[in-house]
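Printed here is target.cif (mmCIF, C-alpha atoms and all ligand atoms):
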```
data_final
#
loop_
_atom_site.group_PDB
_atom_site.id
_atom_site.type_symbol
_atom_site.label_atom_id
_atom_site.label_comp_id
_atom_site.auth_asym_id
_atom_site.auth_seq_id
_atom_site.Cartn_x
_atom_site.Cartn_y
_atom_site.Cartn_z
ATOM 1 C CA MET A 1 122.430 107.994 100.454
ATOM 2 C CA SER A 2 119.458 107.253 102.651
ATOM 3 C CA ALA A 3 119.063 103.544 103.483
ATOM 4 C CA PRO A 4 115.914 101.690 102.373
ATOM 5 C CA LEU A 5 113.212 101.909 105.043
ATOM 6 C CA LEU A 6 110.785 99.037 105.674
ATOM 7 C CA LEU A 7 107.862 100.028 107.880
ATOM 8 C CA VAL A 8 105.980 97.283 109.717
ATOM 9 C CA THR A 9 102.453 98.072 110.837
ATOM 10 C CA GLY A 10 99.349 95.978 111.340
ATOM 11 C CA THR A 11 95.626 95.728 111.844
ATOM 12 C CA GLY A 12 96.029 95.829 115.616
ATOM 13 C CA THR A 13 98.150 94.953 118.573
ATOM 14 C CA GLU A 14 99.450 91.587 119.879
ATOM 15 C CA ILE A 15 99.137 90.153 116.387
ATOM 16 C CA GLY A 16 102.753 89.391 115.469
ATOM 17 C CA LYS A 17 104.255 92.708 114.269
ATOM 18 C CA THR A 18 107.354 92.398 116.459
ATOM 19 C CA VAL A 19 107.843 88.756 115.475
ATOM 20 C CA VAL A 20 107.712 89.776 111.797
ATOM 21 C CA ALA A 21 109.883 92.906 112.223
ATOM 22 C CA VAL A 22 112.525 90.966 114.191
ATOM 23 C CA GLY A 23 112.443 88.083 111.699
ATOM 24 C CA LEU A 24 112.899 90.465 108.763
ATOM 25 C CA THR A 25 115.698 92.433 110.463
ATOM 26 C CA GLU A 26 117.531 89.179 111.119
ATOM 27 C CA ALA A 27 116.903 87.845 107.602
ATOM 28 C CA TRP A 28 118.170 91.092 106.058
ATOM 29 C CA SER A 29 121.301 91.048 108.271
ATOM 30 C CA ARG A 30 121.963 87.392 107.434
ATOM 31 C CA ARG A 31 121.555 87.922 103.711
ATOM 32 C CA ASP A 32 123.619 91.110 103.463
ATOM 33 C CA GLU A 33 126.479 90.006 105.694
ATOM 34 C CA GLY A 34 128.823 92.800 106.681
ATOM 35 C CA ARG A 35 126.166 95.453 106.157
ATOM 36 C CA ALA A 36 124.486 97.414 108.966
ATOM 37 C CA ILE A 37 120.787 96.633 109.323
ATOM 38 C CA ALA A 38 118.814 98.440 112.021
ATOM 39 C CA GLY A 39 115.604 97.228 113.676
ATOM 40 C CA LEU A 40 113.892 99.981 115.655
ATOM 41 C CA LYS A 41 110.650 101.115 117.265
ATOM 42 C CA PRO A 42 110.221 104.891 117.619
ATOM 43 C CA VAL A 43 107.150 104.918 119.857
ATOM 44 C CA GLU A 44 106.532 102.291 122.543
ATOM 45 C CA SER A 45 104.131 102.441 125.456
ATOM 46 C CA GLY A 46 104.153 100.357 128.632
ATOM 47 C CA VAL A 47 107.860 101.069 129.170
ATOM 48 C CA PRO A 48 109.046 101.613 132.782
ATOM 49 C CA HIS A 49 110.917 104.876 133.292
ATOM 50 C CA GLY A 50 114.565 104.654 132.261
ATOM 51 C CA ASP A 51 114.147 101.371 130.391
ATOM 52 C CA LEU A 52 113.979 100.463 126.736
ATOM 53 C CA GLY A 53 110.748 98.762 125.625
ATOM 54 C CA PRO A 54 110.689 94.992 124.999
ATOM 55 C CA ASP A 55 110.018 95.443 121.264
ATOM 56 C CA ALA A 56 112.972 97.830 120.850
ATOM 57 C CA VAL A 57 115.166 95.383 122.800
ATOM 58 C CA ALA A 58 114.113 92.428 120.618
ATOM 59 C CA LEU A 59 114.765 94.452 117.448
ATOM 60 C CA GLY A 60 118.108 95.683 118.775
ATOM 61 C CA GLN A 61 119.261 92.135 119.506
ATOM 62 C CA VAL A 62 119.072 91.104 115.848
ATOM 63 C CA SER A 63 120.369 94.408 114.433
ATOM 64 C CA THR A 64 123.840 94.578 112.906
ATOM 65 C CA PHE A 65 123.662 98.388 113.244
ATOM 66 C CA HIS A 66 124.408 99.786 116.714
ATOM 67 C CA VAL A 67 120.886 100.966 117.472
ATOM 68 C CA THR A 68 121.654 101.668 121.146
ATOM 69 C CA ARG A 69 123.242 104.978 120.104
ATOM 70 C CA PHE A 70 119.798 106.168 119.014
ATOM 71 C CA THR A 71 117.360 106.021 121.943
ATOM 72 C CA PRO A 72 113.774 105.889 120.648
ATOM 73 C CA PRO A 73 112.190 109.353 120.981
ATOM 74 C CA TYR A 74 108.957 108.219 122.627
ATOM 75 C CA LEU A 75 109.277 105.686 125.466
ATOM 76 C CA LEU A 76 105.965 106.061 127.281
ATOM 77 C CA MET A 77 105.096 104.586 130.647
ATOM 78 C CA ASP A 78 101.396 103.648 130.574
ATOM 79 C CA PRO A 79 100.444 100.533 128.574
ATOM 80 C CA VAL A 80 97.726 102.375 126.604
ATOM 81 C CA SER A 81 97.444 104.005 123.169
ATOM 82 C CA PRO A 82 100.514 106.202 122.531
ATOM 83 C CA HIS A 83 98.442 109.393 122.279
ATOM 84 C CA LEU A 84 96.980 108.788 125.753
ATOM 85 C CA ALA A 85 100.215 107.553 127.323
ATOM 86 C CA ALA A 86 101.970 110.669 126.005
ATOM 87 C CA ARG A 87 99.201 112.989 127.227
ATOM 88 C CA ARG A 88 99.386 111.505 130.725
ATOM 89 C CA GLU A 89 103.070 112.501 130.766
ATOM 90 C CA GLY A 90 102.392 115.963 129.388
ATOM 91 C CA ARG A 91 104.012 115.031 126.087
ATOM 92 C CA VAL A 92 102.854 115.173 122.463
ATOM 93 C CA VAL A 93 104.120 112.779 119.790
ATOM 94 C CA GLU A 94 105.415 114.856 116.875
ATOM 95 C CA PRO A 95 106.217 113.379 113.450
ATOM 96 C CA GLY A 96 109.049 115.887 112.953
ATOM 97 C CA VAL A 97 110.839 114.524 116.049
ATOM 98 C CA ILE A 98 110.616 110.959 114.701
ATOM 99 C CA HIS A 99 111.742 112.108 111.273
ATOM 100 C CA ARG A 100 114.781 113.916 112.729
ATOM 101 C CA TRP A 101 115.694 110.881 114.887
ATOM 102 C CA LEU A 102 115.467 108.569 111.877
ATOM 103 C CA ALA A 103 117.357 110.695 109.323
ATOM 104 C CA PRO A 104 120.918 110.102 110.687
ATOM 105 C CA ILE A 105 120.136 106.397 111.205
ATOM 106 C CA ARG A 106 119.162 106.135 107.534
ATOM 107 C CA GLN A 107 122.351 107.974 106.590
ATOM 108 C CA GLU A 108 124.582 105.546 108.515
ATOM 109 C CA ALA A 109 122.785 102.213 108.130
ATOM 110 C CA ASP A 110 122.399 100.048 105.034
ATOM 111 C CA GLY A 111 118.799 99.087 105.793
ATOM 112 C CA VAL A 112 116.186 100.026 108.407
ATOM 113 C CA VAL A 113 113.178 98.080 109.705
ATOM 114 C CA LEU A 114 110.807 100.215 111.769
ATOM 115 C CA GLU A 115 107.934 98.749 113.795
ATOM 116 C CA LEU A 116 105.131 101.185 114.540
ATOM 117 C CA PRO A 117 102.949 100.862 117.662
ATOM 118 C CA GLY A 118 99.463 99.323 117.419
ATOM 119 C CA GLY A 119 97.601 99.355 114.125
ATOM 120 C CA LEU A 120 97.777 101.543 111.026
ATOM 121 C CA PHE A 121 95.141 103.939 112.399
ATOM 122 C CA THR A 122 96.228 103.920 116.037
ATOM 123 C CA PRO A 123 96.343 107.522 117.281
ATOM 124 C CA LEU A 124 99.765 108.912 118.143
ATOM 125 C CA ALA A 125 98.431 112.347 119.102
ATOM 126 C CA GLU A 126 95.245 114.310 118.585
ATOM 127 C CA GLY A 127 94.832 114.551 114.811
ATOM 128 C CA LEU A 128 97.750 112.182 114.127
ATOM 129 C CA THR A 129 97.690 108.435 113.438
ATOM 130 C CA ASN A 130 100.384 105.990 112.342
ATOM 131 C CA ALA A 131 99.042 106.419 108.801
ATOM 132 C CA ASP A 132 99.772 110.172 108.901
ATOM 133 C CA LEU A 133 103.258 109.481 110.259
ATOM 134 C CA ILE A 134 103.911 106.980 107.462
ATOM 135 C CA GLY A 135 102.930 109.615 104.903
ATOM 136 C CA LYS A 136 105.626 111.883 106.354
ATOM 137 C CA LEU A 137 108.331 109.189 106.669
ATOM 138 C CA ALA A 138 107.836 108.059 103.044
ATOM 139 C CA PRO A 139 109.043 104.467 103.550
ATOM 140 C CA THR A 140 110.567 102.409 100.774
ATOM 141 C CA LYS A 141 108.097 99.607 101.574
ATOM 142 C CA LEU A 142 105.083 99.306 103.857
ATOM 143 C CA LEU A 143 104.147 95.923 105.333
ATOM 144 C CA LEU A 144 100.843 95.147 107.037
ATOM 145 C CA VAL A 145 100.677 92.272 109.550
ATOM 146 C CA ALA A 146 97.310 90.744 110.417
ATOM 147 C CA PRO A 147 96.251 87.674 112.417
ATOM 148 C CA ASP A 148 95.057 84.606 110.484
ATOM 149 C CA ARG A 149 91.765 84.413 112.371
ATOM 150 C CA ILE A 150 88.069 85.177 112.042
ATOM 151 C CA GLY A 151 87.427 88.872 111.367
ATOM 152 C CA VAL A 152 90.614 89.437 109.416
ATOM 153 C CA LEU A 153 88.850 89.696 106.045
ATOM 154 C CA HIS A 154 87.033 92.776 107.280
ATOM 155 C CA ASP A 155 90.076 94.202 109.004
ATOM 156 C CA ILE A 156 92.325 93.905 105.948
ATOM 157 C CA LEU A 157 89.693 95.169 103.487
ATOM 158 C CA ALA A 158 88.865 98.151 105.711
ATOM 159 C CA THR A 159 92.511 98.949 106.445
ATOM 160 C CA SER A 160 93.644 98.720 102.845
ATOM 161 C CA ARG A 161 90.753 100.883 101.595
ATOM 162 C CA ALA A 162 91.413 103.510 104.232
ATOM 163 C CA ALA A 163 95.145 103.434 103.449
ATOM 164 C CA ARG A 164 94.461 103.918 99.746
ATOM 165 C CA ALA A 165 92.161 106.855 100.497
ATOM 166 C CA LEU A 166 95.123 108.532 102.220
ATOM 167 C CA GLY A 167 97.427 107.829 99.296
ATOM 168 C CA LEU A 168 99.377 105.090 101.115
ATOM 169 C CA THR A 169 100.446 101.963 99.256
ATOM 170 C CA ILE A 170 100.542 98.711 101.223
ATOM 171 C CA ASP A 171 103.333 96.745 99.542
ATOM 172 C CA GLY A 172 102.810 93.482 101.372
ATOM 173 C CA ILE A 173 100.502 91.698 103.794
ATOM 174 C CA VAL A 174 101.616 88.930 106.155
ATOM 175 C CA LEU A 175 99.086 86.768 107.955
ATOM 176 C CA SER A 176 100.331 85.574 111.312
ATOM 177 C CA THR A 177 99.013 82.302 112.726
ATOM 178 C CA PRO A 178 97.374 82.932 116.119
ATOM 179 C CA ALA A 179 98.158 80.974 119.283
ATOM 180 C CA VAL A 180 94.652 79.515 119.181
ATOM 181 C CA PRO A 181 93.517 78.733 115.620
ATOM 182 C CA ASP A 182 89.814 78.997 114.680
ATOM 183 C CA ALA A 183 87.754 77.533 111.826
ATOM 184 C CA SER A 184 88.954 80.309 109.477
ATOM 185 C CA THR A 185 92.682 79.888 110.201
ATOM 186 C CA ALA A 186 94.554 78.669 107.087
ATOM 187 C CA THR A 187 91.673 79.750 104.824
ATOM 188 C CA ASN A 188 91.978 83.542 105.071
ATOM 189 C CA ALA A 189 94.813 84.054 102.586
ATOM 190 C CA GLU A 190 92.923 82.260 99.837
ATOM 191 C CA GLU A 191 89.626 83.954 100.665
ATOM 192 C CA LEU A 192 91.310 87.356 100.550
ATOM 193 C CA THR A 193 92.645 86.670 97.079
ATOM 194 C CA ARG A 194 89.093 85.718 96.012
ATOM 195 C CA VAL A 195 87.384 88.800 97.393
ATOM 196 C CA ALA A 196 90.212 91.240 96.607
ATOM 197 C CA PRO A 197 92.579 89.732 94.020
ATOM 198 C CA THR A 198 94.962 92.689 93.995
ATOM 199 C CA LEU A 199 95.885 92.463 97.683
ATOM 200 C CA PRO A 200 99.624 91.678 98.006
ATOM 201 C CA ILE A 201 99.495 88.679 100.378
ATOM 202 C CA LEU A 202 103.132 87.646 100.759
ATOM 203 C CA ALA A 203 103.059 84.936 103.424
ATOM 204 C CA VAL A 204 101.132 83.041 106.058
ATOM 205 C CA LEU A 205 103.573 82.802 108.938
ATOM 206 C CA PRO A 206 103.318 79.571 110.968
ATOM 207 C CA ARG A 207 103.360 79.624 114.754
ATOM 208 C CA ALA A 208 106.981 78.592 115.111
ATOM 209 C CA SER A 209 110.409 79.722 116.258
ATOM 210 C CA ARG A 210 112.264 82.431 114.322
ATOM 211 C CA ALA A 211 114.757 79.837 113.098
ATOM 212 C CA ALA A 212 112.000 77.562 111.833
ATOM 213 C CA ASN A 213 110.349 80.526 110.049
ATOM 214 C CA ALA A 214 113.615 81.824 108.529
ATOM 215 C CA ARG A 215 112.736 80.833 104.958
ATOM 216 C CA HIS A 216 109.439 82.737 105.232
ATOM 217 C CA PHE A 217 111.275 85.893 106.277
ATOM 218 C CA ASP A 218 113.771 85.457 103.412
ATOM 219 C CA ALA A 219 110.868 85.074 100.978
ATOM 220 C CA ILE A 220 109.032 88.146 102.299
ATOM 221 C CA LEU A 221 112.164 90.308 101.867
ATOM 222 C CA HIS A 222 112.649 88.947 98.380
ATOM 223 C CA GLN A 223 109.035 89.624 97.373
ATOM 224 C CA LEU A 224 109.298 93.183 98.720
ATOM 225 C CA GLY A 225 112.338 93.692 96.506
ATOM 226 C CA LEU A 226 114.568 94.613 99.439
HETATM 227 N N1 LIG B 1 104.443 83.360 114.180
HETATM 228 C C1 LIG B 1 104.571 83.313 115.514
HETATM 229 N N2 LIG B 1 105.131 82.249 116.119
HETATM 230 C C2 LIG B 1 105.266 82.186 117.456
HETATM 231 N N3 LIG B 1 104.849 83.142 118.301
HETATM 232 C C3 LIG B 1 104.292 84.230 117.777
HETATM 233 C C4 LIG B 1 104.111 84.385 116.371
HETATM 234 N N4 LIG B 1 103.502 85.577 116.134
HETATM 235 C C5 LIG B 1 103.316 86.136 117.346
HETATM 236 N N5 LIG B 1 103.785 85.345 118.339
HETATM 237 C C6 LIG B 1 103.740 85.642 119.794
HETATM 238 O O1 LIG B 1 102.525 86.326 120.033
HETATM 239 C C7 LIG B 1 102.731 87.428 120.916
HETATM 240 C C8 LIG B 1 102.365 88.735 120.220
HETATM 241 O O2 LIG B 1 103.227 88.922 119.110
HETATM 242 P P1 LIG B 1 103.994 90.287 118.855
HETATM 243 O O3 LIG B 1 104.886 90.080 117.674
HETATM 244 O O4 LIG B 1 104.636 90.790 120.104
HETATM 245 O O5 LIG B 1 102.736 91.232 118.471
HETATM 246 P P2 LIG B 1 102.634 92.808 118.229
HETATM 247 O O6 LIG B 1 104.023 93.301 117.950
HETATM 248 O O7 LIG B 1 101.723 92.934 117.057
HETATM 249 O O8 LIG B 1 102.041 93.387 119.458
HETATM 250 C C9 LIG B 1 104.180 87.361 121.346
HETATM 251 O O9 LIG B 1 104.282 86.635 122.549
HETATM 252 C C10 LIG B 1 104.842 86.605 120.205
HETATM 253 O O10 LIG B 1 106.011 85.930 120.605
HETATM 254 MG MG MG B 2 105.148 94.786 118.943
#
```

Rewritten as structure tokens:
Amino acid sequence: MSAPLLLVTGTGTEIGKTVVAVGLTEAWSRRDEGRAIAGLKPVESGVPHGDLGPDAVALGQVSTFHVTRFTPPYLLMDPVSPHLAARREGRVVEPGVIHRWLAPIRQEADGVVLELPGGLFTPLAEGLTNADLIGKLAPTKLLLVAPDRIGVLHDILATSRAARALGLTIDGIVLSTPAVPDASTATNAEELTRVAPTLPILAVLPRASRAANARHFDAILHQLGL
């Protein structure tokens, strides 16, 4: 049996994907005590040679599956888009490599949370974005994280339309409260439901510690049916 796979992507970078992926990995582990839940990141740029990236480390720390046995396939040095970081090292990100790395993890674990780099349409290679990779990985659930700030209405509408055009289903959207709120913060969830009532907004995550946000992560998992 292949474990359920929750993919965490977003509308961009530095918007709370790791916070959400770590929170959900921990919530899943806490709820299903004694089961092996893995939090992983297959592609990470800005990682010094020989190290593990900070996102993979944070996910590993809350995993109850021994993720250290499965080194992420693409640890890239330059802190730029994965396609460019890979090219500078003479490498090419290939979906088949990620798929083959993930398959035994899904065989052994009871649940997998996978954070993807950047946003849903971030390029991983020429002619390949995260969205194309997601199509190949066929996740159980796909979660989109977006910042609760001005501009997010456009970003979510554009991203969800483009995802639909590719045949991808976004199962949940989490708005993450930014470090510096603006006049739109705390209004965007409601406005999204007005302009696009079918969007699956699951939570507005406060700016708070993981412990303080634990009930939000529990609720997101529950709403995703995981
Ligand atoms: N809900 C939150 N509460 C507290 N800090 C947050 C929250 N969301 C994001 N952050 C902080 O904002 C920064 C960017 O978040 P991160 O999850 O690393 O983004 P991404 O994975 O999308 O690049 C990090 O320093 C993170 O700790
Ligand atoms: Mg991250």

field: Answer key for the PyMOL selection byres (((chain A and resi 208-218) around 6) and not hetatm), residues as a list of chain:residue names
entry: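 Applied to this file, the PyMOL selection byres (((chain A and resi 208-218) around 6) and not hetatm) selects A:Gly23, A:Leu24, A:Ala27, A:Pro206, A:Arg207, A:Ala219, A:Ile220, A:Leu221.
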
Restrict the selected residues to C-alpha atoms and save them as a JSON list (two decimals), in the coordinates of the input.
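And here's part.json as it stands now:
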```json
[["chain", "number", "residue", "atom", "x", "y", "z"],
["A", 23, "GLY", "CA", 112.44, 88.08, 111.70],
["A", 24, "LEU", "CA", 112.90, 90.46, 108.76],
["A", 27, "ALA", "CA", 116.90, 87.84, 107.60],
["A", 206, "PRO", "CA", 103.32, 79.57, 110.97],
["A", 207, "ARG", "CA", 103.36, 79.62, 114.75],
["A", 219, "ALA", "CA", 110.87, 85.07, 100.98],
["A", 220, "ILE", "CA", 109.03, 88.15, 102.30],
["A", 221, "LEU", "CA", 112.16, 90.31, 101.87]]
```

field: Nearest to ligand MG 2 (chain B) by atom-to-atom distance, counting only C-alpha atoms and all ligand atoms, from A:Gly50, A:Gly96, A:Gly39, A:Pro117
entry: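 Under the stated criterion, the closest residue is A:Pro117.
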
message: For a quick check of understanding, using all atoms listed in the file, which of A:Val8, A:Leu202, A:Leu143, A:Leu153 has the smallest distance to ligand MG 2 (chain B)?
response: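 With all atoms listed in the file as the atom set, the closest residue is A:Val8.
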
field: Polymer residues at most 12 Å from Val152 of chain A, only C-alpha atoms, same-chain spacing of 4 or more positions, as a VMD selection string
entry: chain A and resid 10 to 12 15 144 to 148 156 to 160 173 to 178 182 184 to 189 191 to 192

Shortest interatomic distance to ligand LIG 1 (chain B) - which of A:Val57, A:Leu224, A:Val204, A:Ala165, counting all atoms listed in the file: A:Val204

- prompt: In Å, with one decimal, what is the gap from atom C6 of ligand LIG 1 (chain B) to atom CA of Thr129 of chain A?
  reply: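 Rounded to one decimal, the two atoms are 24.4 Å apart.
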
field: Interatomic distance, atom O5 of ligand LIG 1 (chain B) to atom CA of Gly167 of chain A (Å, one decimal)
entry: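 Between atom O5 of ligand LIG 1 (chain B) and atom CA of Gly167 of chain A the gap works out to 25.9 Å.
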
message: Which residues, named as in the file, does the PyMOL selection byres (((not hetatm)) within 12 of (chain B and resi 2)) pick out? Answer as a ChimeraX atom specification.
response: /A:8-22,39-46,53-59,114-119,145

Extract, using all atoms listed in the file, all DNA, RNA and protein residues at most 9 Å from Pro95 of chain A, discarding same-chain residues fewer than 3 positions from it, and format them as a short mmCIF file (atom, residue, chain, number, x, y, z; two decimals) with C-alpha atoms, in the coordinates of the input.
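Result saved to part13.cif:
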```
data_model
loop_
_atom_site.label_atom_id
_atom_site.label_comp_id
_atom_site.auth_asym_id
_atom_site.auth_seq_id
_atom_site.Cartn_x
_atom_site.Cartn_y
_atom_site.Cartn_z
CA ILE A 98 110.62 110.96 114.70
CA HIS A 99 111.74 112.11 111.27
CA ARG A 100 114.78 113.92 112.73
CA LEU A 128 97.75 112.18 114.13
CA ASP A 132 99.77 110.17 108.90
CA LEU A 133 103.26 109.48 110.26
CA LYS A 136 105.63 111.88 106.35
CA LEU A 137 108.33 109.19 106.67
#
```

Any idea what's packed within 10 Å of segment 65-79 of chain A, counting all atoms listed in the file, ignoring anything in its chain fewer than 2 positions away? Could you give it as a compact mmCIF listing (two decimals) with C-alpha atoms, in the frame of the given file?
```txt
# COMPACT_ATOMS: atom_id res chain seq x y z
CA SER A 29 121.30 91.05 108.27
CA ARG A 35 126.17 95.45 106.16
CA ALA A 36 124.49 97.41 108.97
CA ILE A 37 120.79 96.63 109.32
CA ALA A 38 118.81 98.44 112.02
CA GLY A 39 115.60 97.23 113.68
CA LEU A 40 113.89 99.98 115.66
CA LYS A 41 110.65 101.12 117.26
CA PRO A 42 110.22 104.89 117.62
CA VAL A 43 107.15 104.92 119.86
CA GLU A 44 106.53 102.29 122.54
CA SER A 45 104.13 102.44 125.46
CA GLY A 46 104.15 100.36 128.63
CA VAL A 47 107.86 101.07 129.17
CA PRO A 48 109.05 101.61 132.78
CA HIS A 49 110.92 104.88 133.29
CA GLY A 50 114.56 104.65 132.26
CA ASP A 51 114.15 101.37 130.39
CA LEU A 52 113.98 100.46 126.74
CA GLY A 53 110.75 98.76 125.62
CA ALA A 56 112.97 97.83 120.85
CA VAL A 57 115.17 95.38 122.80
CA LEU A 59 114.76 94.45 117.45
CA GLY A 60 118.11 95.68 118.78
CA GLN A 61 119.26 92.14 119.51
CA VAL A 62 119.07 91.10 115.85
CA SER A 63 120.37 94.41 114.43
CA SER A 81 97.44 104.00 123.17
CA PRO A 82 100.51 106.20 122.53
CA HIS A 83 98.44 109.39 122.28
CA LEU A 84 96.98 108.79 125.75
CA ALA A 85 100.22 107.55 127.32
CA ALA A 86 101.97 110.67 126.00
CA ARG A 87 99.20 112.99 127.23
CA ARG A 88 99.39 111.50 130.72
CA GLU A 89 103.07 112.50 130.77
CA ARG A 91 104.01 115.03 126.09
CA VAL A 92 102.85 115.17 122.46
CA VAL A 93 104.12 112.78 119.79
CA GLU A 94 105.42 114.86 116.88
CA VAL A 97 110.84 114.52 116.05
CA ILE A 98 110.62 110.96 114.70
CA ARG A 100 114.78 113.92 112.73
CA TRP A 101 115.69 110.88 114.89
CA LEU A 102 115.47 108.57 111.88
CA PRO A 104 120.92 110.10 110.69
CA ILE A 105 120.14 106.40 111.20
CA GLU A 108 124.58 105.55 108.52
CA ALA A 109 122.78 102.21 108.13
CA ASP A 110 122.40 100.05 105.03
CA GLY A 111 118.80 99.09 105.79
CA VAL A 112 116.19 100.03 108.41
```

task: In Å, rounded to a single decimal, give me how far atom CA of Ala179 of chain A is from atom N2 of ligand LIG 1 (chain B).
output: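 Computing it gives 7.8 Å between the two atoms.
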
query: Quick one: of A:Gly172, A:Pro200, A:Gly135, A:Pro181, who's nearest to ligand LIG 1 (chain B), counting all atoms listed in the file?
result: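 Once distances to ligand LIG 1 (chain B) are computed over all atoms listed in the file, the minimum belongs to A:Pro181.
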
message: Quick check on the file I pasted: which residues fall under the PyMOL selection byres (((chain A and resi 139) around 9) and not hetatm)? Write them as a PyMOL selection string.
response: chain A and resi 4-7+134-138+140-142

Provide an axis-aligned box for all listed atoms of ligand LIG 1 (chain B), padding each side by 6 Å; report its centre and its edge lengths in Å to one decimal, as AutoDock Vina command-line options.
```
--center_x 103.9 --center_y 87.8 --center_z 118.4 --size_x 16.3 --size_y 23.2 --size_z 20.4
```

message: Taking all atoms listed in the file into account, name the residue in A:Gln223, A:Arg149, A:Ser2, A:Leu205 that is nearest to ligand LIG 1 (chain B).
response: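 Ranking A:Gln223, A:Arg149, A:Ser2, A:Leu205 by distance to ligand LIG 1 (chain B), first place goes to A:Leu205.
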
- prompt: Pick the closest to ligand LIG 1 (chain B) from A:Met1, A:Asp171, A:Glu26, A:Ala203: which is it, counting all atoms listed in the file?
  reply: A:Ala203
